[in-house]
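Step one of this worksheet: look at the structure below.
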Amino acid sequence: MLYVLRHAQANGQEFEAELTEEGAKKANQIIRDLEKLSIKNIYSSPMRRAIDTVRPFAVQNDIQIITVDDLSERVLSDIAIEDWLTKLKLTFTSFDIKFNKGESSREAQRRAIKFVESLNSNENNLIVSHGNLIALIIKYYDETFGFNEWKALKNPDLFCIDENHIVKHMCL
């Protein structure tokens, strides 16, 4: 079984952005929910907000967090874009479009799915990542998942992808 966790609320988008006070509180609150899943392996984006979201659970359950660069958030552009939300929406329908040395949806999805498919499907694995990349992972298995579903994601949010590649949203 594969569980996909979006990080808790952070105070920014930078690599070292920390969780907000509310985000840290949520990271501790989700321990009970995650313990019910019999997770064997944790793979996380190397970005601080992802690691800090899962760290309380990992420490309490003595599970090593393995950081994976391929779980880092997708870079839409290497420079600030004023209308980034409009551009992001476009990438959900035009999968090959790229902005200013950014990564296309197809490129980001391929790197994430390559990693996901390398996991042992007989074990309960948890990956911790970011909203846009998680949306692209889910879209790979459920084509109906799009921009509006991405906008509805919470911090944190949890999904399950079963052995038949059925995606289920789980309540936290």
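Quick note on naming: the chains in the structure tokens go A, B, ... in the order shown, residues restart at 1 in each chain, and ligands are numbered from 1 in order of appearance.
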Review point. If you count only C-alpha atoms, which residues fall within 10 Å of A:Thr93, apart from same-chain ones fewer than 4 positions away, as a list in words?
Key: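 Here the answer would be Leu88, Lys89, Ile97, Ser105, Gly146 and Phe147 of chain A.
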Residues of the last selection are to be written out with N, CA and C atoms, as an mmCIF file, in the first residue's frame.
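Saved result, result.cif, follows:
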data_model
loop_
_atom_site.group_PDB
_atom_site.id
_atom_site.type_symbol
_atom_site.label_atom_id
_atom_site.label_comp_id
_atom_site.auth_asym_id
_atom_site.auth_seq_id
_atom_site.Cartn_x
_atom_site.Cartn_y
_atom_site.Cartn_z
ATOM 1 N N LEU A 88 0.047 27.876 -13.438
ATOM 2 C CA LEU A 88 -0.064 26.545 -12.859
ATOM 3 C C LEU A 88 -1.312 25.834 -13.370
ATOM 4 N N LYS A 89 -2.426 26.531 -13.432
ATOM 5 C CA LYS A 89 -3.668 25.942 -13.945
ATOM 6 C C LYS A 89 -3.460 25.422 -15.359
ATOM 7 N N ILE A 97 4.058 22.118 -21.165
ATOM 8 C CA ILE A 97 4.429 23.527 -21.114
ATOM 9 C C ILE A 97 5.418 23.772 -19.974
ATOM 10 N N SER A 105 4.770 19.630 -16.194
ATOM 11 C CA SER A 105 4.008 18.650 -15.409
ATOM 12 C C SER A 105 4.447 17.236 -15.756
ATOM 13 N N GLY A 146 -7.425 17.222 -10.994
ATOM 14 C CA GLY A 146 -6.888 18.368 -11.730
ATOM 15 C C GLY A 146 -6.621 19.571 -10.852
ATOM 16 N N PHE A 147 -6.648 20.715 -11.485
ATOM 17 C CA PHE A 147 -6.328 21.975 -10.826
ATOM 18 C C PHE A 147 -7.240 22.250 -9.634
#
Check your understanding: Can you list, as a list in words, every protein, DNA or RNA residue that comes within 9 Å of A:Lys26 when you count only C-alpha atoms, leaving out same-chain residues fewer than 2 positions away?
Key -> Ala8, Gln9, Glu21, Glu22, Gly23, Ala24, Asn28, Gln29, Ile30, Ile31, Thr53, Asn155 and Pro156 of chain A
**Study point:** All helix (DSSP H, G or I) positions in stretch 1-37 of chain A, as a list in words
**Key:** Glu21, Glu22, Gly23, Ala24, Lys25, Lys26, Ala27, Asn28, Gln29, Ile31, Arg32, Asp33, Leu34 and Glu35 of chain A
Can you write just those residues out, N, CA and C atoms, as a PDB file, in the first residue's frame?
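Final output, saved to result-v6.pdb:
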ATOM      1  N   GLU A  21       3.465  27.417  13.594  1.00  0.00           N
ATOM      2  CA  GLU A  21       3.065  26.841  14.882  1.00  0.00           C
ATOM      3  C   GLU A  21       1.904  25.864  14.676  1.00  0.00           C
ATOM      4  N   GLU A  22       0.936  26.248  13.845  1.00  0.00           N
ATOM      5  CA  GLU A  22      -0.204  25.370  13.537  1.00  0.00           C
ATOM      6  C   GLU A  22       0.264  24.121  12.797  1.00  0.00           C
ATOM      7  N   GLY A  23       1.217  24.276  11.865  1.00  0.00           N
ATOM      8  CA  GLY A  23       1.748  23.137  11.126  1.00  0.00           C
ATOM      9  C   GLY A  23       2.440  22.139  12.042  1.00  0.00           C
ATOM     10  N   ALA A  24       3.213  22.642  12.995  1.00  0.00           N
ATOM     11  CA  ALA A  24       3.896  21.763  13.951  1.00  0.00           C
ATOM     12  C   ALA A  24       2.885  21.030  14.832  1.00  0.00           C
ATOM     13  N   LYS A  25       1.831  21.726  15.201  1.00  0.00           N
ATOM     14  CA  LYS A  25       0.768  21.105  16.009  1.00  0.00           C
ATOM     15  C   LYS A  25       0.111  19.968  15.213  1.00  0.00           C
ATOM     16  N   LYS A  26      -0.186  20.215  13.943  1.00  0.00           N
ATOM     17  CA  LYS A  26      -0.799  19.189  13.085  1.00  0.00           C
ATOM     18  C   LYS A  26       0.143  17.995  12.899  1.00  0.00           C
ATOM     19  N   ALA A  27       1.445  18.262  12.773  1.00  0.00           N
ATOM     20  CA  ALA A  27       2.421  17.179  12.606  1.00  0.00           C
ATOM     21  C   ALA A  27       2.365  16.223  13.793  1.00  0.00           C
ATOM     22  N   ASN A  28       2.132  16.752  14.972  1.00  0.00           N
ATOM     23  CA  ASN A  28       1.998  15.899  16.157  1.00  0.00           C
ATOM     24  C   ASN A  28       0.627  15.228  16.223  1.00  0.00           C
ATOM     25  N   GLN A  29      -0.402  15.915  15.741  1.00  0.00           N
ATOM     26  CA  GLN A  29      -1.753  15.354  15.784  1.00  0.00           C
ATOM     27  C   GLN A  29      -1.939  14.182  14.825  1.00  0.00           C
ATOM     28  N   ILE A  31       0.046  11.792  14.196  1.00  0.00           N
ATOM     29  CA  ILE A  31       0.745  10.572  14.623  1.00  0.00           C
ATOM     30  C   ILE A  31      -0.244   9.418  14.780  1.00  0.00           C
ATOM     31  N   ARG A  32      -1.343   9.634  15.493  1.00  0.00           N
ATOM     32  CA  ARG A  32      -2.327   8.563  15.729  1.00  0.00           C
ATOM     33  C   ARG A  32      -2.901   8.024  14.422  1.00  0.00           C
ATOM     34  N   ASP A  33      -3.189   8.920  13.486  1.00  0.00           N
ATOM     35  CA  ASP A  33      -3.746   8.482  12.203  1.00  0.00           C
ATOM     36  C   ASP A  33      -2.729   7.642  11.429  1.00  0.00           C
ATOM     37  N   LEU A  34      -1.487   8.065  11.423  1.00  0.00           N
ATOM     38  CA  LEU A  34      -0.447   7.334  10.692  1.00  0.00           C
ATOM     39  C   LEU A  34      -0.133   5.991  11.350  1.00  0.00           C
ATOM     40  N   GLU A  35      -0.215   5.938  12.673  1.00  0.00           N
ATOM     41  CA  GLU A  35       0.065   4.675  13.366  1.00  0.00           C
ATOM     42  C   GLU A  35      -0.916   3.567  12.978  1.00  0.00           C
TER      43      GLU A  35
END
Spatial neighbours of A:Asn100, 9 Å, only C-alpha atoms, chain gap at least 6 places, as an mmCIF file with C-alpha atoms, in the first residue's frame:
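After the write, around-v6.cif holds the following:
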data_model
loop_
_atom_site.group_PDB
_atom_site.id
_atom_site.type_symbol
_atom_site.label_atom_id
_atom_site.label_comp_id
_atom_site.auth_asym_id
_atom_site.auth_seq_id
_atom_site.Cartn_x
_atom_site.Cartn_y
_atom_site.Cartn_z
ATOM 1 C CA LEU A 76 7.209 26.002 -11.975
ATOM 2 C CA SER A 77 9.779 28.657 -12.912
ATOM 3 C CA ASP A 78 13.247 29.691 -11.840
ATOM 4 C CA ILE A 79 12.047 33.297 -11.521
#
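For A:Asp157, the set of protein, DNA and RNA residues having any atom at most 8 Å away, when counting only C-alpha atoms and skipping those fewer than 4 positions along the same chain, is Leu5, Arg6, His7, Ala8, Leu153, Met170, Cys171 and Leu172 of chain A.
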May I have the residues from that selection written out with N, CA, C and O atoms, as a short mmCIF file (atom, residue, chain, number, x, y, z; two decimals), in the first residue's frame?
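Final file, part18.cif:
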data_model
loop_
_atom_site.label_atom_id
_atom_site.label_comp_id
_atom_site.auth_asym_id
_atom_site.auth_seq_id
_atom_site.Cartn_x
_atom_site.Cartn_y
_atom_site.Cartn_z
N LEU A 5 1.43 11.75 1.71
CA LEU A 5 1.14 12.80 2.69
C LEU A 5 1.67 14.14 2.22
O LEU A 5 2.85 14.26 1.89
N ARG A 6 0.80 15.12 2.17
CA ARG A 6 1.23 16.48 1.89
C ARG A 6 1.68 17.10 3.21
O ARG A 6 1.05 16.90 4.26
N HIS A 7 2.76 17.85 3.16
CA HIS A 7 3.31 18.46 4.37
C HIS A 7 2.32 19.40 5.04
O HIS A 7 1.38 19.89 4.42
N ALA A 8 2.55 19.63 6.31
CA ALA A 8 1.74 20.56 7.10
C ALA A 8 2.07 22.00 6.69
O ALA A 8 3.02 22.27 5.96
N LEU A 153 -6.60 20.79 -1.81
CA LEU A 153 -5.71 20.08 -0.89
C LEU A 153 -5.50 20.89 0.39
O LEU A 153 -5.45 22.11 0.36
N MET A 170 -8.00 10.25 2.42
CA MET A 170 -8.17 9.81 3.80
C MET A 170 -8.31 11.03 4.69
O MET A 170 -7.63 12.03 4.50
N CYS A 171 -9.20 10.95 5.65
CA CYS A 171 -9.42 12.07 6.56
C CYS A 171 -8.35 12.11 7.64
O CYS A 171 -8.01 11.08 8.21
N LEU A 172 -7.83 13.26 7.88
CA LEU A 172 -6.87 13.47 8.99
C LEU A 172 -7.55 14.27 10.07
O LEU A 172 -8.39 15.07 9.84
#
Practice item. Give me the residues within 9 Å of stretch 42-52 of chain A as a VMD selection string, counting only C-alpha atoms and dropping any in the same chain fewer than 4 places off. Key: chain A and resid 5 to 11 13 to 19 23 to 24 27 56 58 63 to 73 125 to 130
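Distances from A:Arg111, A:Asn61, A:His169, A:Leu90 to A:Asp142 were compared using only C-alpha atoms, and the smallest one belongs to A:His169.
Between atom CA of A:Ser38 and atom CA of A:Lys151 the separation is 29.1 Å.
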**Study point:** Point-to-point distance from atom CA of A:Thr20 to atom CA of A:Lys154, Å rounded to tenths
**Key:**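 Atom CA of A:Lys154 lies at a distance of 14.1 Å from atom CA of A:Thr20.
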Show me, as a PDB file with N, CA, C and O atoms, in the first residue's frame, the residues that have an atom within 12 Å of A:Asn164 when counting only C-alpha atoms, minus same-chain residues fewer than 5 positions from it.
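File written: around15.pdb
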ATOM      1  N   MET A   1       0.850  -1.174   0.000  1.00  0.00           N
ATOM      2  CA  MET A   1       0.000   0.000   0.000  1.00  0.00           C
ATOM      3  C   MET A   1       0.896   1.237   0.000  1.00  0.00           C
ATOM      4  O   MET A   1       1.922   1.268   0.664  1.00  0.00           O
ATOM      5  N   LEU A   2       0.465   2.246  -0.710  1.00  0.00           N
ATOM      6  CA  LEU A   2       1.203   3.499  -0.755  1.00  0.00           C
ATOM      7  C   LEU A   2       0.344   4.596  -0.149  1.00  0.00           C
ATOM      8  O   LEU A   2      -0.807   4.789  -0.539  1.00  0.00           O
ATOM      9  N   SER A 121       5.719  -2.929  -3.365  1.00  0.00           N
ATOM     10  CA  SER A 121       4.272  -2.769  -3.180  1.00  0.00           C
ATOM     11  C   SER A 121       3.696  -3.727  -2.138  1.00  0.00           C
ATOM     12  O   SER A 121       2.522  -3.617  -1.780  1.00  0.00           O
ATOM     13  N   TYR A 141      -2.730   8.257 -11.630  1.00  0.00           N
ATOM     14  CA  TYR A 141      -3.614   7.124 -11.353  1.00  0.00           C
ATOM     15  C   TYR A 141      -5.092   7.465 -11.520  1.00  0.00           C
ATOM     16  O   TYR A 141      -5.924   6.579 -11.674  1.00  0.00           O
ATOM     17  N   ASP A 142      -5.425   8.735 -11.459  1.00  0.00           N
ATOM     18  CA  ASP A 142      -6.816   9.187 -11.576  1.00  0.00           C
ATOM     19  C   ASP A 142      -6.839  10.449 -12.433  1.00  0.00           C
ATOM     20  O   ASP A 142      -6.600  11.552 -11.938  1.00  0.00           O
TER      21      ASP A 142
END
Mind dumping a table of every stretch 16-114 of chain A residue within 7 Å of stretch 131-134 of chain A, with the nearest atom pair and its distance in Å to one decimal, using only C-alpha atoms, sorted by chain and rising number, as CSV?
residue,atom,partner,partner_atom,distance
A:Glu73,CA,A:Leu133,CA,5.7
A:Arg74,CA,A:Leu133,CA,6.0
A:Ala108,CA,A:Leu133,CA,6.9
A:Gln109,CA,A:Leu133,CA,7.0
For C-alpha atoms, I'd like the residues from the last selection saved as a PDB file, in the first residue's frame.
ATOM      1  CA  GLU A  73       8.313  20.082  -5.107  1.00  0.00           C
ATOM      2  CA  ARG A  74       8.106  20.847  -8.767  1.00  0.00           C
ATOM      3  CA  ALA A 108       7.721  16.241 -12.660  1.00  0.00           C
ATOM      4  CA  GLN A 109       5.188  13.436 -12.881  1.00  0.00           C
TER       5      GLN A 109
END
Check your understanding: What gap, in Å, lies between atom CA of A:Val4 and atom CA of A:Ile161?
Key -> 7.8 Å
Study note, to complete from the structure: A:Ile39 proximity check over A:Asp96, A:Asp83, A:Glu163, A:Glu123, using only C-alpha atoms: winner is A:Glu123
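Residues of chain A that DSSP, applied to the backbone, places in strand (DSSP E): Leu2, Tyr3, Val4, Leu5, Arg6, Asn41, Ile42, Tyr43, Ser44, Ile65, Ile66, Thr67, Asn125, Leu126, Ile127, Val128, Ser129, Asp157, Leu158, Phe159, Cys160, Ile161, Val167, Lys168, His169 and Met170 of chain A.
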With N, CA and C atoms retained, export the selected residues as a tab-separated table (two decimals), in the first residue's frame.
chain	number	residue	atom	x	y	z
A	2	LEU	N	0.46	2.25	-0.71
A	2	LEU	CA	1.20	3.50	-0.76
A	2	LEU	C	0.34	4.60	-0.15
A	3	TYR	N	0.92	5.31	0.81
A	3	TYR	CA	0.28	6.46	1.40
A	3	TYR	C	1.06	7.70	0.99
A	4	VAL	N	0.33	8.74	0.63
A	4	VAL	CA	0.94	9.98	0.14
A	4	VAL	C	0.48	11.11	1.05
A	5	LEU	N	1.43	11.75	1.71
A	5	LEU	CA	1.14	12.80	2.69
A	5	LEU	C	1.67	14.14	2.22
A	6	ARG	N	0.80	15.12	2.17
A	6	ARG	CA	1.23	16.48	1.89
A	6	ARG	C	1.68	17.10	3.21
A	41	ASN	N	8.00	1.98	5.78
A	41	ASN	CA	9.04	2.85	5.21
A	41	ASN	C	8.51	4.27	5.03
A	42	ILE	N	9.38	5.24	5.29
A	42	ILE	CA	9.03	6.65	5.07
A	42	ILE	C	10.04	7.24	4.11
A	43	TYR	N	9.52	7.81	3.02
A	43	TYR	CA	10.35	8.49	2.03
A	43	TYR	C	9.84	9.93	1.95
A	44	SER	N	10.75	10.87	2.05
A	44	SER	CA	10.33	12.27	2.11
A	44	SER	C	11.13	13.13	1.15
A	65	ILE	N	13.58	8.18	8.29
A	65	ILE	CA	13.09	8.97	7.17
A	65	ILE	C	14.17	8.97	6.10
A	66	ILE	N	13.84	8.47	4.93
A	66	ILE	CA	14.77	8.45	3.81
A	66	ILE	C	14.41	9.60	2.89
A	67	THR	N	15.32	10.55	2.71
A	67	THR	CA	15.04	11.68	1.83
A	67	THR	C	15.33	11.29	0.38
A	125	ASN	N	4.18	1.82	2.45
A	125	ASN	CA	5.14	2.90	2.28
A	125	ASN	C	4.43	4.24	2.40
A	126	LEU	N	5.10	5.19	3.02
A	126	LEU	CA	4.60	6.56	3.13
A	126	LEU	C	5.56	7.47	2.39
A	127	ILE	N	5.03	8.27	1.47
A	127	ILE	CA	5.86	9.32	0.88
A	127	ILE	C	5.30	10.66	1.33
A	128	VAL	N	6.20	11.58	1.61
A	128	VAL	CA	5.82	12.90	2.09
A	128	VAL	C	6.36	13.91	1.08
A	129	SER	N	5.46	14.72	0.56
A	129	SER	CA	5.88	15.63	-0.49
A	129	SER	C	5.05	16.91	-0.44
A	157	ASP	N	-2.45	16.72	4.21
A	157	ASP	CA	-3.50	15.95	3.55
A	157	ASP	C	-2.94	14.56	3.25
A	158	LEU	N	-3.80	13.56	3.25
A	158	LEU	CA	-3.33	12.18	3.11
A	158	LEU	C	-4.19	11.42	2.10
A	159	PHE	N	-3.50	10.66	1.24
A	159	PHE	CA	-4.16	9.82	0.25
A	159	PHE	C	-3.57	8.42	0.33
A	160	CYS	N	-4.36	7.46	-0.11
A	160	CYS	CA	-3.92	6.07	-0.20
A	160	CYS	C	-4.05	5.65	-1.66
A	161	ILE	N	-3.04	4.98	-2.17
A	161	ILE	CA	-3.10	4.40	-3.51
A	161	ILE	C	-2.91	2.91	-3.32
A	167	VAL	N	-7.15	5.49	-6.00
A	167	VAL	CA	-6.78	6.58	-5.08
A	167	VAL	C	-7.95	6.86	-4.14
A	168	LYS	N	-7.61	6.93	-2.86
A	168	LYS	CA	-8.64	7.23	-1.85
A	168	LYS	C	-8.13	8.36	-0.98
A	169	HIS	N	-8.94	9.38	-0.81
A	169	HIS	CA	-8.62	10.48	0.09
A	169	HIS	C	-8.92	10.02	1.51
A	170	MET	N	-8.00	10.25	2.42
A	170	MET	CA	-8.17	9.81	3.80
A	170	MET	C	-8.31	11.03	4.69
